[in-house]
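A short write-up of the structure that comes next.
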Amino acid sequence: MRRLMLLSPVVLLVSISCFAQLGEILKSAESAVQPANTDTSGLSDSKITAGLKQALRVSVGNAVASTGKPDGFLKNQAIKILLPEKLATIGKGMRLMGMGGPVDELEVGMNRAAEQATPKAKAIFLSSLKKMSFDDARKILTGGDTAATDYFKRTSSAELTTAFAPIVHQSMQNVGVVKKYENMMQSASGFSALTGSLDLDKYVVGKTLDGLFYMLGQEEKNIRKNPAAQTTSLLKQVFGRK
């Protein structure tokens, strides 16, 4: 009994020590799963806005340059414009039968139209950037990996659609997309009725926007996460504070 009483304080001390260690482990685990936010507490609103706008000018320039050139869409598998869903099955069947020429020509024409339209986006994005408020900038900086891209989607999509539509239409006329589409339908005689009505201009404009925003999002992620992409002291101050 005496021995048991002597051991009790020892057991108690060991238990307390174990619980203390467990508490530290849990705290460490909690901090490990918390998202790493950019610390902007020591930066003024003007510096945050200036840094963010500088980063977005770079992102916009890179995204537009990479898409608005020959093969900018066509050779980039992430954004290449493929046949509309209504035509995809027909196109696949034609290729299997060795009749893929008209299908390939149609895809090339759609992608060329997108490549000619995207340079128009730069001025629209930069105009939206000028209207960005301090509050917008802080929310974007502390937001998700594509918060700025999402901002541009909200503020610029309608204007981009309006700007792209006539360029895409004219480009599709110039490269003969409509004629290529008609040739494809003639080659797929017996199946063309399955496609119903199809607005190719509208489809290409929508896919052009999708591709441009995808590339803009990739550029934004790179600047946020890659120190090598933070090429100025201001970018390092704003994006390098974790």
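Identifiers in this document derive from the order of the structure tokens: chains are assigned A, B, ..., residues are numbered from 1 separately in each chain, and ligands are numbered from 1 in order of occurrence.
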Excluding Val204 (chain A) and its own-chain neighbours fewer than 2 positions away, which residues fall within 9 Å of it when counting only C-alpha atoms? Please give them as a VMD selection string. chain A and resid 81 110 to 111 113 to 114 165 168 199 to 202 206 to 209
Expected file: the selected residues, N, CA and C atoms, as a PDB file, in the first residue's frame:
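As written to disk, out_0.pdb reads:
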ATOM      1  N   ILE A  81      -9.121  24.838 -78.946  1.00  0.00           N
ATOM      2  CA  ILE A  81     -10.562  24.783 -79.188  1.00  0.00           C
ATOM      3  C   ILE A  81     -10.865  23.558 -80.051  1.00  0.00           C
ATOM      4  N   MET A 110     -11.078  27.608 -86.261  1.00  0.00           N
ATOM      5  CA  MET A 110     -11.621  28.134 -85.007  1.00  0.00           C
ATOM      6  C   MET A 110     -10.507  28.663 -84.107  1.00  0.00           C
ATOM      7  N   ASN A 111      -9.412  27.941 -84.042  1.00  0.00           N
ATOM      8  CA  ASN A 111      -8.296  28.366 -83.191  1.00  0.00           C
ATOM      9  C   ASN A 111      -7.606  29.610 -83.742  1.00  0.00           C
ATOM     10  N   ALA A 113      -9.088  31.990 -85.317  1.00  0.00           N
ATOM     11  CA  ALA A 113      -9.976  33.099 -84.967  1.00  0.00           C
ATOM     12  C   ALA A 113      -9.744  33.543 -83.527  1.00  0.00           C
ATOM     13  N   ALA A 114      -9.579  32.590 -82.632  1.00  0.00           N
ATOM     14  CA  ALA A 114      -9.318  32.916 -81.224  1.00  0.00           C
ATOM     15  C   ALA A 114      -7.995  33.653 -81.073  1.00  0.00           C
ATOM     16  N   ALA A 165     -16.543  39.350 -80.479  1.00  0.00           N
ATOM     17  CA  ALA A 165     -17.525  38.820 -81.430  1.00  0.00           C
ATOM     18  C   ALA A 165     -17.259  39.237 -82.882  1.00  0.00           C
ATOM     19  N   VAL A 168     -13.877  37.652 -84.161  1.00  0.00           N
ATOM     20  CA  VAL A 168     -14.024  36.213 -84.416  1.00  0.00           C
ATOM     21  C   VAL A 168     -14.831  35.984 -85.689  1.00  0.00           C
ATOM     22  N   ASP A 199     -24.329  27.741 -83.553  1.00  0.00           N
ATOM     23  CA  ASP A 199     -23.757  29.077 -83.722  1.00  0.00           C
ATOM     24  C   ASP A 199     -22.256  28.977 -83.464  1.00  0.00           C
ATOM     25  N   LEU A 200     -21.480  28.803 -84.526  1.00  0.00           N
ATOM     26  CA  LEU A 200     -20.039  28.628 -84.379  1.00  0.00           C
ATOM     27  C   LEU A 200     -19.363  29.877 -83.829  1.00  0.00           C
ATOM     28  N   ASP A 201     -19.824  31.056 -84.255  1.00  0.00           N
ATOM     29  CA  ASP A 201     -19.235  32.305 -83.756  1.00  0.00           C
ATOM     30  C   ASP A 201     -19.338  32.378 -82.235  1.00  0.00           C
ATOM     31  N   LYS A 202     -20.531  32.146 -81.725  1.00  0.00           N
ATOM     32  CA  LYS A 202     -20.763  32.213 -80.282  1.00  0.00           C
ATOM     33  C   LYS A 202     -19.915  31.175 -79.556  1.00  0.00           C
ATOM     34  N   GLY A 206     -16.878  32.078 -76.807  1.00  0.00           N
ATOM     35  CA  GLY A 206     -16.898  31.523 -75.450  1.00  0.00           C
ATOM     36  C   GLY A 206     -15.638  30.744 -75.122  1.00  0.00           C
ATOM     37  N   LYS A 207     -15.168  29.941 -76.058  1.00  0.00           N
ATOM     38  CA  LYS A 207     -13.950  29.157 -75.836  1.00  0.00           C
ATOM     39  C   LYS A 207     -12.706  30.046 -75.806  1.00  0.00           C
ATOM     40  N   THR A 208     -12.734  31.142 -76.550  1.00  0.00           N
ATOM     41  CA  THR A 208     -11.620  32.094 -76.509  1.00  0.00           C
ATOM     42  C   THR A 208     -11.509  32.713 -75.125  1.00  0.00           C
ATOM     43  N   LEU A 209     -12.638  33.101 -74.566  1.00  0.00           N
ATOM     44  CA  LEU A 209     -12.655  33.643 -73.203  1.00  0.00           C
ATOM     45  C   LEU A 209     -12.159  32.603 -72.203  1.00  0.00           C
TER      46      LEU A 209
END
Neighbouring residues of Leu235 (chain A) were defined as those with any atom within 9 Å, considering only C-alpha atoms; residues of the same chain fewer than 4 positions away were excluded. Please report them as a PyMOL selection string. chain A and resi 51-52+54-55+223+229-231+239-240
Can those selected residues be exported to a file as a PDB file, in the first residue's frame so that it contains C-alpha atoms?
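Saved result, out_29.pdb, follows:
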ATOM      1  CA  GLY A  51       2.060  45.921 -56.140  1.00  0.00           C
ATOM      2  CA  LEU A  52      -1.040  44.043 -57.201  1.00  0.00           C
ATOM      3  CA  GLN A  54       2.063  45.754 -61.243  1.00  0.00           C
ATOM      4  CA  ALA A  55       1.693  41.983 -60.946  1.00  0.00           C
ATOM      5  CA  ILE A 223       3.478  35.221 -59.399  1.00  0.00           C
ATOM      6  CA  ALA A 229       8.418  35.455 -60.852  1.00  0.00           C
ATOM      7  CA  GLN A 230       8.428  38.290 -58.287  1.00  0.00           C
ATOM      8  CA  THR A 231      10.865  40.270 -60.386  1.00  0.00           C
ATOM      9  CA  PHE A 239       3.731  38.719 -52.512  1.00  0.00           C
ATOM     10  CA  GLY A 240       6.784  37.559 -50.608  1.00  0.00           C
TER      11      GLY A 240
END
Using DSSP assignments from the backbone, pull out every residue in region 74-191 of chain A that falls under alpha helix (DSSP H) and give it to me as a ChimeraX atom specification. /A:85-96,101-117,121-130,134-141,147-174,177-187
Rank nothing, just name the residue among A:Leu56, A:Met94, A:Leu126, A:Val103 nearest to Lys179 (chain A), using only C-alpha atoms. A:Val103
Which is closest to His169 (chain A) among A:Gly72, A:Gly100, A:Gly109, A:Gly93, if we use only C-alpha atoms? A:Gly109
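Minimum atom-to-atom distances from A:Gln237, A:Gln173, A:Asn76, A:Gln218 to Thr149 (chain A) were compared using only C-alpha atoms, and the lowest value belongs to A:Gln218.
With distances restricted to only C-alpha atoms, A:Lys221 is the closest residue to Gly144 (chain A) from A:Lys221, A:Lys69, A:Ser233, A:Val60.
Nearest to Ala88 (chain A) of all the residues A:Asp150, A:Asp71, A:Asp136, A:Asp104 is A:Asp104, based on only C-alpha atoms.
Considering the residues A:Asp145, A:Gly176, A:Ile48, A:Met184 and counting only C-alpha atoms, Asn226 (chain A) has its shortest atom-to-atom contact with A:Asp145.
Here CA of Thr89 (chain A) is placed at a distance of 23.8 Å from CA of Val175 (chain A).
The gap separating CA of Ser133 (chain A) from CA of Ser59 (chain A) is 18.6 Å, in Å to one decimal.
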